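The file data-v3.cif contains mmCIF, C-alpha atoms:
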```cif
data_my_file
#
loop_
_atom_site.label_atom_id
_atom_site.label_comp_id
_atom_site.auth_asym_id
_atom_site.auth_seq_id
_atom_site.Cartn_x
_atom_site.Cartn_y
_atom_site.Cartn_z
CA MET A 1 0.00 0.00 0.00
CA LYS A 2 2.77 2.50 0.89
CA ARG A 3 4.57 1.75 -2.39
CA LEU A 4 1.34 2.30 -4.34
CA LEU A 5 0.80 5.69 -2.72
CA VAL A 6 4.37 6.80 -3.40
CA LEU A 7 4.15 5.74 -7.06
CA ALA A 8 0.87 7.61 -7.45
CA ALA A 9 2.42 10.75 -5.93
CA LEU A 10 5.42 10.55 -8.28
CA ALA A 11 3.15 10.06 -11.29
CA LEU A 12 1.09 13.10 -10.36
CA ALA A 13 4.16 15.24 -9.73
CA SER A 14 5.69 14.26 -13.07
CA ALA A 15 2.45 15.18 -14.83
CA ILE A 16 2.41 18.62 -13.17
CA ILE A 17 6.08 19.66 -13.24
CA PRO A 18 6.63 19.78 -17.02
CA ALA A 19 3.98 22.48 -17.53
CA PRO A 20 5.52 25.41 -19.47
CA ALA A 21 5.98 28.79 -17.86
CA SER A 22 3.00 30.21 -19.70
CA ALA A 23 0.79 27.60 -18.06
CA GLN A 24 1.92 28.58 -14.58
CA THR A 25 0.02 31.87 -14.47
CA PRO A 26 -3.15 31.99 -12.34
CA SER A 27 -5.29 32.83 -15.41
CA ASN A 28 -4.33 29.48 -16.97
CA GLY A 29 -4.71 27.44 -13.80
CA GLY A 30 -7.31 24.74 -13.33
CA VAL A 31 -10.94 25.79 -13.11
CA GLY A 32 -12.41 24.89 -9.73
CA GLU A 33 -9.39 25.71 -7.54
CA LYS A 34 -10.65 29.08 -6.26
CA TYR A 35 -12.98 28.42 -3.34
CA TRP A 36 -13.37 28.53 0.44
CA ILE A 37 -16.06 25.86 0.86
CA GLU A 38 -16.75 22.80 -1.30
CA PHE A 39 -19.67 20.39 -0.93
CA SER A 40 -20.10 17.21 -2.94
CA ALA A 41 -22.65 14.42 -3.05
CA THR A 42 -22.03 11.18 -4.94
CA TRP A 43 -24.24 8.26 -5.83
CA TRP A 44 -22.33 5.04 -5.37
CA GLN A 45 -23.38 1.51 -6.33
CA PRO A 46 -20.72 -0.76 -4.82
CA ASN A 47 -20.48 -4.52 -4.87
CA LEU A 48 -20.18 -6.10 -1.45
CA LYS A 49 -17.71 -8.81 -0.54
CA GLY A 50 -16.83 -10.07 2.91
CA SER A 51 -18.05 -11.96 5.92
CA VAL A 52 -19.25 -11.62 9.49
CA SER A 53 -19.05 -13.87 12.53
CA SER A 54 -20.23 -13.62 16.11
CA ASP A 55 -19.50 -15.80 19.15
CA ARG A 56 -22.03 -15.98 21.97
CA LEU A 57 -22.61 -18.10 25.06
CA GLY A 58 -19.40 -20.03 24.48
CA VAL A 59 -20.51 -21.07 20.99
CA ILE A 60 -18.08 -20.31 18.15
CA GLY A 61 -19.81 -18.53 15.29
CA SER A 62 -19.59 -19.49 11.62
CA GLN A 63 -17.76 -17.38 9.05
CA ILE A 64 -20.84 -16.17 7.16
CA ASP A 65 -20.32 -14.92 3.62
CA PHE A 66 -22.46 -11.88 2.79
CA ALA A 67 -23.00 -12.88 -0.85
CA LYS A 68 -22.99 -16.70 -0.82
CA ASP A 69 -24.86 -17.27 2.44
CA LEU A 70 -27.06 -14.18 2.77
CA ASP A 71 -27.45 -13.02 -0.85
CA LEU A 72 -26.34 -9.46 -0.11
CA GLY A 73 -25.03 -8.14 -3.40
CA SER A 74 -25.12 -4.50 -4.51
CA ALA A 75 -27.21 -1.41 -3.78
CA ARG A 76 -27.08 2.34 -4.42
CA PHE A 77 -26.09 4.86 -1.74
CA THR A 78 -25.17 8.51 -1.27
CA ASP A 79 -21.82 9.76 0.02
CA PHE A 80 -21.51 13.30 1.41
CA ARG A 81 -18.28 15.33 1.64
CA LEU A 82 -17.44 18.85 2.79
CA VAL A 83 -14.11 20.66 2.38
CA LEU A 84 -13.14 23.88 4.16
CA ARG A 85 -10.15 25.60 2.56
CA PRO A 86 -8.80 28.52 4.63
CA ALA A 87 -5.62 28.76 2.52
CA LYS A 88 -4.40 27.50 -0.85
CA LYS A 89 -2.49 24.47 0.48
CA HIS A 90 -4.68 23.61 3.47
CA ARG A 91 -7.98 21.71 3.44
CA PHE A 92 -10.14 20.46 6.30
CA ARG A 93 -12.25 17.50 5.16
CA PHE A 94 -15.47 15.97 6.47
CA GLN A 95 -17.14 12.82 5.11
CA TYR A 96 -20.24 10.81 5.93
CA THR A 97 -21.01 7.53 4.16
CA PRO A 98 -24.15 5.56 5.11
CA ILE A 99 -24.53 2.12 3.51
CA ALA A 100 -27.36 -0.38 4.01
CA PHE A 101 -27.95 -3.79 2.42
CA THR A 102 -30.94 -6.12 2.76
CA GLY A 103 -31.39 -9.61 1.39
CA ASP A 104 -33.49 -12.77 1.51
CA SER A 105 -32.07 -16.23 1.01
CA VAL A 106 -32.50 -19.92 1.76
CA LEU A 107 -29.51 -21.28 3.65
CA SER A 108 -27.41 -23.82 1.77
CA ARG A 109 -25.65 -24.95 4.96
CA ASP A 110 -25.98 -24.84 8.73
CA ILE A 111 -24.65 -21.59 10.19
CA THR A 112 -24.11 -20.42 13.75
CA PHE A 113 -24.52 -16.72 14.48
CA ALA A 114 -24.57 -14.95 17.86
CA GLY A 115 -25.17 -18.19 19.73
CA LYS A 116 -28.02 -19.42 17.48
CA VAL A 117 -27.89 -22.25 14.96
CA TYR A 118 -29.73 -21.72 11.67
CA PRO A 119 -30.17 -25.04 9.82
CA ILE A 120 -29.80 -25.72 6.12
CA SER A 121 -32.86 -24.87 3.91
CA LEU A 122 -34.10 -22.25 6.39
CA PRO A 123 -35.40 -19.02 4.76
CA VAL A 124 -33.74 -16.00 6.36
CA SER A 125 -33.82 -12.23 5.96
CA SER A 126 -30.61 -10.35 6.61
CA THR A 127 -29.43 -6.77 6.96
CA LEU A 128 -26.10 -4.98 6.94
CA ASP A 129 -25.71 -1.34 7.95
CA TRP A 130 -22.31 0.35 7.67
CA HIS A 131 -21.66 4.00 8.54
CA VAL A 132 -18.42 5.96 8.40
CA TRP A 133 -17.69 9.46 9.65
CA ARG A 134 -14.29 10.92 8.74
CA PHE A 135 -12.68 14.21 9.80
CA GLY A 136 -9.30 15.07 8.35
CA TYR A 137 -6.69 17.56 7.28
CA GLU A 138 -4.87 17.74 3.96
CA TRP A 139 -1.67 19.68 3.33
CA ASP A 140 -0.74 20.08 -0.31
CA PHE A 141 3.05 20.19 0.00
CA PHE A 142 3.45 20.36 -3.79
CA TYR A 143 1.13 22.86 -5.45
CA ARG A 144 0.96 24.26 -8.98
CA PRO A 145 -1.85 26.01 -10.90
CA ARG A 146 -2.47 22.78 -12.84
CA GLY A 147 -2.33 20.31 -9.93
CA PHE A 148 -1.06 19.31 -6.52
CA VAL A 149 0.09 16.43 -4.31
CA GLY A 150 -0.75 16.41 -0.61
CA VAL A 151 -0.64 14.32 2.55
CA VAL A 152 -3.84 13.36 4.36
CA ILE A 153 -4.30 12.72 8.08
CA GLN A 154 -7.78 11.82 9.24
CA THR A 155 -9.70 10.27 12.08
CA GLY A 156 -13.28 9.21 12.51
CA ILE A 157 -15.66 6.43 13.46
CA THR A 158 -16.81 3.31 11.65
CA GLN A 159 -19.92 1.42 12.73
CA PHE A 160 -21.47 -1.79 11.47
CA ASP A 161 -24.60 -3.77 12.34
CA ALA A 162 -25.40 -7.15 10.82
CA GLY A 163 -28.56 -9.09 11.57
CA ILE A 164 -30.32 -12.31 10.62
CA ASP A 165 -34.06 -12.89 11.08
CA SER A 166 -36.06 -16.11 10.60
CA ILE A 167 -39.04 -17.99 11.96
CA ILE A 168 -36.85 -19.58 14.65
CA GLY A 169 -35.47 -16.30 15.93
CA SER A 170 -33.23 -13.35 15.18
CA ALA A 171 -29.67 -12.37 16.09
CA GLU A 172 -27.39 -9.40 15.59
CA ALA A 173 -23.71 -8.49 15.63
CA SER A 174 -22.53 -4.90 15.89
CA GLY A 175 -19.47 -2.83 16.53
CA THR A 176 -18.15 0.72 16.64
CA ALA A 177 -14.47 1.61 16.38
CA PRO A 178 -12.34 4.73 15.87
CA LEU A 179 -10.41 5.37 12.66
CA VAL A 180 -6.94 6.83 12.27
CA GLU A 181 -5.69 6.95 8.66
CA PHE A 182 -2.79 8.41 6.69
CA GLY A 183 -2.41 8.76 2.95
CA LEU A 184 -1.84 10.82 -0.17
CA ALA A 185 -4.15 12.86 -2.38
CA GLY A 186 -3.38 14.41 -5.75
CA ARG A 187 -4.93 16.21 -8.67
CA VAL A 188 -3.81 17.17 -12.18
CA TYR A 189 -5.54 19.26 -14.85
CA PRO A 190 -4.84 17.90 -18.35
CA ILE A 191 -7.10 20.72 -19.58
CA ARG A 192 -8.32 23.71 -17.57
CA ASN A 193 -11.84 22.41 -16.90
CA LEU A 194 -10.99 18.75 -16.30
CA ALA A 195 -9.44 17.52 -13.04
CA VAL A 196 -8.11 13.97 -12.64
CA ASN A 197 -7.98 12.92 -8.97
CA MET A 198 -6.32 10.10 -7.05
CA GLU A 199 -6.44 9.38 -3.34
CA GLY A 200 -5.40 6.53 -1.04
CA THR A 201 -5.49 6.18 2.74
CA TYR A 202 -4.56 3.37 5.12
CA GLY A 203 -4.88 2.84 8.85
CA LYS A 204 -4.49 0.15 11.49
CA LEU A 205 -5.35 0.30 15.18
CA THR A 206 -4.72 -2.52 17.63
CA ASP A 207 -4.98 -2.97 21.39
CA LEU A 208 -7.26 0.00 21.88
CA GLU A 209 -9.08 -2.34 24.22
CA PRO A 210 -8.80 -6.10 24.66
CA ASP A 211 -9.95 -7.85 21.47
CA HIS A 212 -10.36 -4.59 19.51
CA VAL A 213 -8.62 -4.45 16.11
CA LEU A 214 -9.37 -2.28 13.08
CA THR A 215 -7.69 -2.14 9.65
CA SER A 216 -8.93 0.17 6.90
CA LEU A 217 -7.94 0.92 3.32
CA ALA A 218 -9.57 3.33 0.86
CA LEU A 219 -8.73 4.04 -2.79
CA ASP A 220 -10.46 6.54 -5.06
CA PHE A 221 -9.79 7.39 -8.72
CA SER A 222 -11.99 10.01 -10.35
CA ALA A 223 -12.38 12.89 -12.78
CA THR A 224 -14.27 16.16 -12.34
CA TYR A 225 -15.44 18.46 -15.11
CA ASN A 226 -15.88 22.00 -13.79
CA PHE A 227 -18.26 24.19 -15.78
CA THR A 228 -17.20 27.15 -13.62
CA ASN A 229 -15.22 27.65 -10.42
CA TYR A 230 -18.44 26.98 -8.54
CA VAL A 231 -20.14 23.98 -10.18
CA GLY A 232 -18.90 20.65 -11.52
CA VAL A 233 -19.83 17.03 -12.18
CA SER A 234 -17.66 14.06 -11.27
CA GLY A 235 -17.39 10.32 -11.63
CA GLY A 236 -14.97 7.59 -10.71
CA TRP A 237 -14.25 4.27 -9.04
CA ARG A 238 -13.90 3.71 -5.30
CA ARG A 239 -12.85 0.79 -3.11
CA THR A 240 -12.90 0.52 0.66
CA ASN A 241 -11.76 -2.36 2.86
CA THR A 242 -12.59 -2.56 6.55
CA ASN A 243 -11.59 -5.41 8.83
CA LEU A 244 -12.59 -5.10 12.46
CA GLN A 245 -12.93 -7.19 15.56
CA ILE A 246 -14.84 -5.86 18.55
CA ASP A 247 -15.02 -8.31 21.42
CA SER A 248 -16.64 -11.46 19.97
CA ASP A 249 -17.98 -9.82 16.81
CA ARG A 250 -15.91 -9.69 13.61
CA GLY A 251 -16.52 -8.18 10.22
CA ASP A 252 -14.53 -8.13 7.00
CA LEU A 253 -16.11 -5.79 4.43
CA THR A 254 -15.04 -4.71 0.95
CA PHE A 255 -17.06 -2.24 -1.08
CA SER A 256 -16.03 -1.40 -4.64
CA GLY A 257 -17.75 0.17 -7.61
CA PHE A 258 -18.32 3.19 -9.81
CA TRP A 259 -19.90 6.44 -8.66
CA LEU A 260 -21.33 9.66 -10.09
CA GLY A 261 -21.82 12.97 -8.36
CA GLY A 262 -21.86 16.72 -8.32
CA VAL A 263 -19.91 19.46 -6.56
CA VAL A 264 -20.68 23.05 -5.62
CA ARG A 265 -18.24 25.62 -4.24
CA TYR A 266 -18.19 29.04 -2.71
#
```
As structure tokens, the full file:
Amino acid sequence: MKRLLVLAALALASAIIPAPASAQTPSNGGVGEKYWIEFSATWWQPNLKGSVSSDRLGVIGSQIDFAKDLDLGSARFTDFRLVLRPAKKHRFRFQYTPIAFTGDSVLSRDITFAGKVYPISLPVSSTLDWHVWRFGYEWDFFYRPRGFVGVVIQTGITQFDAGIDSIIGSAEASGTAPLVEFGLAGRVYPIRNLAVNMEGTYGKLTDLEPDHVLTSLALDFSATYNFTNYVGVSGGWRRTNTNLQIDSDRGDLTFSGFWLGGVVRY
């Protein structure tokens, strides 16, 4: 992951540095870089991969696959982001991502979840809710009118709830854990109105409390077309991996897929 981020930063820098002197004037800089506040909303339709398990009452839980066992596949969600930019190279970032999946399936094997055994051929309804709040700071240590490369430091909270319901009973596993992530963000303007963006962050926290572990990885590749400094449309591909253990509940979640959105600035 670290090597990938470094290579991405070098690629962005090499794309920005060769710009001729005439392209370094503010009048020829990228459209969309003059703002104090930026708000964006994106519509994301990720595929879900991963599993959940929960031990209860001394009973070891099964490793339950979201897709194969519970038929949780893909759905469409909204991601909200706010950027405050008090100075050219400094950005304060806020993000909220709510994700919810529901599914109905007939079990193809016996599974044990939160102390309950669900036998093969049992119809079940399942849910997965995943919420992330991130608050961070970005310093663009390399900045030019046609692009930048910056470091990102952010913290936040991730929360997941997974449940199974059937005629023989229901059970739930849940967890909330803090996030601390570091990474790189970059942007280059191949033409004035078009911004190509790349971002990657990674974090790992262990021993916050007994049996509490969290690992997170996020990658985002996108492009934004800015009609003016104040309005633009964007699209890209995003992948997030979250692996957490909170007491006897464990979740391994990967979301990946394309997204579309819009951005407004002031």
Skipping near chain neighbours, those fewer than 5 positions away, what residues fall within 8 Å of stretch 217-234 of chain A using only C-alpha atoms, listed as a short mmCIF file (atom, residue, chain, number, x, y, z; two decimals) with C-alpha atoms, in the frame of the given file?
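Full text of selection-v4.cif as output:
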```cif
data_model
loop_
_atom_site.label_atom_id
_atom_site.label_comp_id
_atom_site.auth_asym_id
_atom_site.auth_seq_id
_atom_site.Cartn_x
_atom_site.Cartn_y
_atom_site.Cartn_z
CA VAL A 31 -10.94 25.79 -13.11
CA GLY A 32 -12.41 24.89 -9.73
CA GLU A 33 -9.39 25.71 -7.54
CA LYS A 34 -10.65 29.08 -6.26
CA TYR A 35 -12.98 28.42 -3.34
CA ASN A 193 -11.84 22.41 -16.90
CA LEU A 194 -10.99 18.75 -16.30
CA ALA A 195 -9.44 17.52 -13.04
CA VAL A 196 -8.11 13.97 -12.64
CA ASN A 197 -7.98 12.92 -8.97
CA MET A 198 -6.32 10.10 -7.05
CA GLU A 199 -6.44 9.38 -3.34
CA GLY A 200 -5.40 6.53 -1.04
CA THR A 201 -5.49 6.18 2.74
CA TYR A 202 -4.56 3.37 5.12
CA GLY A 203 -4.88 2.84 8.85
CA ARG A 239 -12.85 0.79 -3.11
CA THR A 240 -12.90 0.52 0.66
CA ASN A 241 -11.76 -2.36 2.86
CA THR A 242 -12.59 -2.56 6.55
CA LEU A 260 -21.33 9.66 -10.09
CA GLY A 261 -21.82 12.97 -8.36
CA GLY A 262 -21.86 16.72 -8.32
CA VAL A 263 -19.91 19.46 -6.56
CA VAL A 264 -20.68 23.05 -5.62
CA ARG A 265 -18.24 25.62 -4.24
CA TYR A 266 -18.19 29.04 -2.71
#
```
Tell me, in Å to one decimal, how far atom CA of A:Ser40 is from atom CA of A:Ser174.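 Atom CA of A:Ser174 lies 29.1 Å from atom CA of A:Ser40.
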So, with all atoms listed in the file as the atoms that count, which of A:Gly29, A:Gly163, A:Pro119, A:Gly236 lies closest to A:Phe101? A:Gly163
One decimal, Å: what's the distance from atom CA of A:Leu70 over to atom CA of A:Leu107, could you say?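 Separating atom CA of A:Leu70 from atom CA of A:Leu107 is a distance of 7.6 Å.
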Residues picked by the PyMOL selection byres ((chain A and resi 58) around 12) here, as number ranges by chain? A: 54-57, 59-61, 112-116, 248
Pull C-alpha atoms from the residues just selected and write them as a compact mmCIF listing (two decimals), keeping the file's coordinate frame.
```txt
# COMPACT_ATOMS: atom_id res chain seq x y z
CA SER A 54 -20.23 -13.62 16.11
CA ASP A 55 -19.50 -15.80 19.15
CA ARG A 56 -22.03 -15.98 21.97
CA LEU A 57 -22.61 -18.10 25.06
CA VAL A 59 -20.51 -21.07 20.99
CA ILE A 60 -18.08 -20.31 18.15
CA GLY A 61 -19.81 -18.53 15.29
CA THR A 112 -24.11 -20.42 13.75
CA PHE A 113 -24.52 -16.72 14.48
CA ALA A 114 -24.57 -14.95 17.86
CA GLY A 115 -25.17 -18.19 19.73
CA LYS A 116 -28.02 -19.42 17.48
CA SER A 248 -16.64 -11.46 19.97
```
Using only C-alpha atoms, collect all residues at a distance of at most 7 Å from (-17.5, 18.4, -0.7) as written in the file, then present them as a list in words. Glu38, Phe39, Ser40, Ala41, Phe80, Arg81, Leu82, Val83 and Val263 of chain A
Near A:Phe94, counting all atoms listed in the file, which residues have an atom at most 12 Å away, once you skip same-chain residues fewer than 3 positions from it, shown as an mmCIF file with C-alpha atoms, keeping the file's coordinate frame?
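selection-v4.cif written:
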```cif
data_model
loop_
_atom_site.group_PDB
_atom_site.id
_atom_site.type_symbol
_atom_site.label_atom_id
_atom_site.label_comp_id
_atom_site.auth_asym_id
_atom_site.auth_seq_id
_atom_site.Cartn_x
_atom_site.Cartn_y
_atom_site.Cartn_z
ATOM 1 C CA ILE A 37 -16.060 25.860 0.860
ATOM 2 C CA GLU A 38 -16.750 22.800 -1.300
ATOM 3 C CA PHE A 39 -19.670 20.390 -0.930
ATOM 4 C CA SER A 40 -20.100 17.210 -2.940
ATOM 5 C CA ASP A 79 -21.820 9.760 0.020
ATOM 6 C CA PHE A 80 -21.510 13.300 1.410
ATOM 7 C CA ARG A 81 -18.280 15.330 1.640
ATOM 8 C CA LEU A 82 -17.440 18.850 2.790
ATOM 9 C CA VAL A 83 -14.110 20.660 2.380
ATOM 10 C CA LEU A 84 -13.140 23.880 4.160
ATOM 11 C CA ARG A 85 -10.150 25.600 2.560
ATOM 12 C CA ARG A 91 -7.980 21.710 3.440
ATOM 13 C CA THR A 97 -21.010 7.530 4.160
ATOM 14 C CA VAL A 132 -18.420 5.960 8.400
ATOM 15 C CA TRP A 133 -17.690 9.460 9.650
ATOM 16 C CA ARG A 134 -14.290 10.920 8.740
ATOM 17 C CA PHE A 135 -12.680 14.210 9.800
ATOM 18 C CA GLY A 136 -9.300 15.070 8.350
ATOM 19 C CA TYR A 137 -6.690 17.560 7.280
ATOM 20 C CA GLU A 138 -4.870 17.740 3.960
ATOM 21 C CA ILE A 153 -4.300 12.720 8.080
ATOM 22 C CA GLN A 154 -7.780 11.820 9.240
ATOM 23 C CA THR A 155 -9.700 10.270 12.080
ATOM 24 C CA GLY A 156 -13.280 9.210 12.510
ATOM 25 C CA ILE A 157 -15.660 6.430 13.460
#
```
Using only C-alpha atoms, pick whichever of A:Pro86, A:Pro178, A:Gly235, A:Gly30 has the shortest atom-to-atom distance to A:Thr42.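 Answer, going by the shortest atom-to-atom distance: A:Gly235.
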Which residues, written as a PDB file with C-alpha atoms, in the frame of the given file, have at least one atom at most 6 Å from A:Gly257, with only C-alpha atoms counted and residues fewer than 6 positions away on the same chain left out?
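File produced: out.pdb:
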```pdb
ATOM      1  CA  GLN A  45     -23.380   1.510  -6.330  1.00  0.00           C
ATOM      2  CA  PRO A  46     -20.720  -0.760  -4.820  1.00  0.00           C
ATOM      3  CA  TRP A 237     -14.250   4.270  -9.040  1.00  0.00           C
ATOM      4  CA  ARG A 238     -13.900   3.710  -5.300  1.00  0.00           C
TER       5      ARG A 238
END
```
Counting all atoms listed in the file, which of A:Lys89, A:Arg192, A:Arg76, A:Arg109 gets nearest to A:Asn47? A:Arg76
Quick one: of A:Phe77, A:Ala67, A:His90, A:Ser121, who's nearest to A:Ser51, counting all atoms listed in the file?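 Ranked by minimum distance to A:Ser51, first place goes to A:Ala67.
Minimum atom-to-atom distance to A:Arg250, evaluated using only C-alpha atoms, belongs to A:Ser53 out of A:Thr127, A:Ser53, A:Gln159, A:Ser170.
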Could you tell me which of A:Asp110, A:Asp165, A:Asp252, A:Asp140 comes closest to A:Val124 if we count all atoms listed in the file?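 Once distances to A:Val124 are computed over all atoms listed in the file, the minimum belongs to A:Asp165.
Picture a line from atom CA of A:Leu48 to atom CA of A:Asp104; it runs 15.2 Å.
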Using the chain letters and numbers from the file, give me the residues hit by the PyMOL selection byres ((chain A and resi 246) around 9), as JSON, numbers by chain. {"A": [174, 175, 176, 177, 209, 210, 211, 212, 213, 214, 244, 245, 247, 248, 249, 250, 251]}
Distance query A:Ser126 at most 6 Å, all atoms listed in the file, self and fewer than 2 positions along chain excluded, as a list in words: Thr102, Gly103, Gly163 and Ile164 of chain A
Can you sort out the box for stretch 84-100 of chain A, edges along x, y and z, all listed atoms in, 3 Å on every side, with centre and edge lengths in Å to one decimal, as JSON?
```
{"center_x": -14.9, "center_y": 14.2, "center_z": 2.8, "size_x": 30.9, "size_y": 35.1, "size_z": 13.3}
```
Taking N, CA and C atoms as the atom set, what does stretch 25-53 of chain A look like once completed, written as a PDB file, in the coordinates of the input?
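Everything below was put into rebuild-v6.pdb:
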```
ATOM      1  N   THR A  25       0.672  30.654 -14.908  1.00  0.00           N
ATOM      2  CA  THR A  25       0.020  31.870 -14.470  1.00  0.00           C
ATOM      3  C   THR A  25      -1.348  31.529 -13.911  1.00  0.00           C
ATOM      4  N   PRO A  26      -1.858  32.295 -12.924  1.00  0.00           N
ATOM      5  CA  PRO A  26      -3.150  31.990 -12.340  1.00  0.00           C
ATOM      6  C   PRO A  26      -4.277  31.948 -13.361  1.00  0.00           C
ATOM      7  N   SER A  27      -4.201  32.799 -14.425  1.00  0.00           N
ATOM      8  CA  SER A  27      -5.290  32.830 -15.410  1.00  0.00           C
ATOM      9  C   SER A  27      -5.391  31.527 -16.180  1.00  0.00           C
ATOM     10  N   ASN A  28      -4.307  30.757 -16.253  1.00  0.00           N
ATOM     11  CA  ASN A  28      -4.330  29.480 -16.970  1.00  0.00           C
ATOM     12  C   ASN A  28      -4.393  28.284 -16.032  1.00  0.00           C
ATOM     13  N   GLY A  29      -4.615  28.535 -14.755  1.00  0.00           N
ATOM     14  CA  GLY A  29      -4.710  27.440 -13.800  1.00  0.00           C
ATOM     15  C   GLY A  29      -6.008  26.668 -13.969  1.00  0.00           C
ATOM     16  N   GLY A  30      -6.123  25.577 -13.223  1.00  0.00           N
ATOM     17  CA  GLY A  30      -7.310  24.740 -13.330  1.00  0.00           C
ATOM     18  C   GLY A  30      -8.555  25.438 -12.818  1.00  0.00           C
ATOM     19  N   VAL A  31      -9.652  25.260 -13.544  1.00  0.00           N
ATOM     20  CA  VAL A  31     -10.940  25.790 -13.110  1.00  0.00           C
ATOM     21  C   VAL A  31     -11.445  24.945 -11.941  1.00  0.00           C
ATOM     22  N   GLY A  32     -11.913  25.598 -10.898  1.00  0.00           N
ATOM     23  CA  GLY A  32     -12.410  24.890  -9.730  1.00  0.00           C
ATOM     24  C   GLY A  32     -11.476  24.916  -8.542  1.00  0.00           C
ATOM     25  N   GLU A  33     -10.355  25.650  -8.640  1.00  0.00           N
ATOM     26  CA  GLU A  33      -9.390  25.710  -7.540  1.00  0.00           C
ATOM     27  C   GLU A  33      -9.542  26.959  -6.672  1.00  0.00           C
ATOM     28  N   LYS A  34     -10.443  27.861  -7.049  1.00  0.00           N
ATOM     29  CA  LYS A  34     -10.650  29.080  -6.260  1.00  0.00           C
ATOM     30  C   LYS A  34     -11.935  28.944  -5.451  1.00  0.00           C
ATOM     31  N   TYR A  35     -11.802  28.569  -4.190  1.00  0.00           N
ATOM     32  CA  TYR A  35     -12.980  28.420  -3.340  1.00  0.00           C
ATOM     33  C   TYR A  35     -12.566  28.406  -1.869  1.00  0.00           C
ATOM     34  N   TRP A  36     -13.553  28.641  -1.010  1.00  0.00           N
ATOM     35  CA  TRP A  36     -13.370  28.530   0.440  1.00  0.00           C
ATOM     36  C   TRP A  36     -14.074  27.292   0.987  1.00  0.00           C
ATOM     37  N   ILE A  37     -15.232  26.983   0.396  1.00  0.00           N
ATOM     38  CA  ILE A  37     -16.060  25.860   0.860  1.00  0.00           C
ATOM     39  C   ILE A  37     -16.454  25.032  -0.360  1.00  0.00           C
ATOM     40  N   GLU A  38     -16.349  23.714  -0.226  1.00  0.00           N
ATOM     41  CA  GLU A  38     -16.750  22.800  -1.300  1.00  0.00           C
ATOM     42  C   GLU A  38     -17.616  21.698  -0.720  1.00  0.00           C
ATOM     43  N   PHE A  39     -18.772  21.475  -1.348  1.00  0.00           N
ATOM     44  CA  PHE A  39     -19.670  20.390  -0.930  1.00  0.00           C
ATOM     45  C   PHE A  39     -19.930  19.481  -2.111  1.00  0.00           C
ATOM     46  N   SER A  40     -19.835  18.178  -1.877  1.00  0.00           N
ATOM     47  CA  SER A  40     -20.100  17.210  -2.940  1.00  0.00           C
ATOM     48  C   SER A  40     -20.975  16.083  -2.426  1.00  0.00           C
ATOM     49  N   ALA A  41     -21.812  15.585  -3.321  1.00  0.00           N
ATOM     50  CA  ALA A  41     -22.650  14.420  -3.050  1.00  0.00           C
ATOM     51  C   ALA A  41     -22.473  13.445  -4.206  1.00  0.00           C
ATOM     52  N   THR A  42     -22.228  12.188  -3.892  1.00  0.00           N
ATOM     53  CA  THR A  42     -22.030  11.180  -4.940  1.00  0.00           C
ATOM     54  C   THR A  42     -22.976  10.015  -4.725  1.00  0.00           C
ATOM     55  N   TRP A  43     -23.383   9.440  -5.841  1.00  0.00           N
ATOM     56  CA  TRP A  43     -24.240   8.260  -5.830  1.00  0.00           C
ATOM     57  C   TRP A  43     -23.396   7.064  -6.215  1.00  0.00           C
ATOM     58  N   TRP A  44     -23.279   6.152  -5.266  1.00  0.00           N
ATOM     59  CA  TRP A  44     -22.330   5.040  -5.370  1.00  0.00           C
ATOM     60  C   TRP A  44     -23.102   3.733  -5.367  1.00  0.00           C
ATOM     61  N   GLN A  45     -22.747   2.831  -6.267  1.00  0.00           N
ATOM     62  CA  GLN A  45     -23.380   1.510  -6.330  1.00  0.00           C
ATOM     63  C   GLN A  45     -22.298   0.437  -6.211  1.00  0.00           C
ATOM     64  N   PRO A  46     -21.831   0.180  -4.980  1.00  0.00           N
ATOM     65  CA  PRO A  46     -20.720  -0.760  -4.820  1.00  0.00           C
ATOM     66  C   PRO A  46     -21.190  -2.208  -4.744  1.00  0.00           C
ATOM     67  N   ASN A  47     -20.301  -3.097  -5.135  1.00  0.00           N
ATOM     68  CA  ASN A  47     -20.480  -4.520  -4.870  1.00  0.00           C
ATOM     69  C   ASN A  47     -19.936  -4.814  -3.480  1.00  0.00           C
ATOM     70  N   LEU A  48     -20.568  -5.740  -2.806  1.00  0.00           N
ATOM     71  CA  LEU A  48     -20.180  -6.100  -1.450  1.00  0.00           C
ATOM     72  C   LEU A  48     -19.521  -7.467  -1.430  1.00  0.00           C
ATOM     73  N   LYS A  49     -18.372  -7.542  -0.806  1.00  0.00           N
ATOM     74  CA  LYS A  49     -17.710  -8.810  -0.540  1.00  0.00           C
ATOM     75  C   LYS A  49     -17.282  -8.818   0.919  1.00  0.00           C
ATOM     76  N   GLY A  50     -17.296  -9.992   1.529  1.00  0.00           N
ATOM     77  CA  GLY A  50     -16.830 -10.070   2.910  1.00  0.00           C
ATOM     78  C   GLY A  50     -17.633 -11.065   3.719  1.00  0.00           C
ATOM     79  N   SER A  51     -17.424 -11.006   5.018  1.00  0.00           N
ATOM     80  CA  SER A  51     -18.050 -11.960   5.920  1.00  0.00           C
ATOM     81  C   SER A  51     -18.229 -11.354   7.297  1.00  0.00           C
ATOM     82  N   VAL A  52     -19.020 -12.037   8.105  1.00  0.00           N
ATOM     83  CA  VAL A  52     -19.250 -11.620   9.490  1.00  0.00           C
ATOM     84  C   VAL A  52     -19.327 -12.878  10.341  1.00  0.00           C
ATOM     85  N   SER A  53     -18.915 -12.760  11.581  1.00  0.00           N
ATOM     86  CA  SER A  53     -19.050 -13.870  12.530  1.00  0.00           C
ATOM     87  C   SER A  53     -19.271 -13.288  13.926  1.00  0.00           C
TER      88      SER A  53
END
```
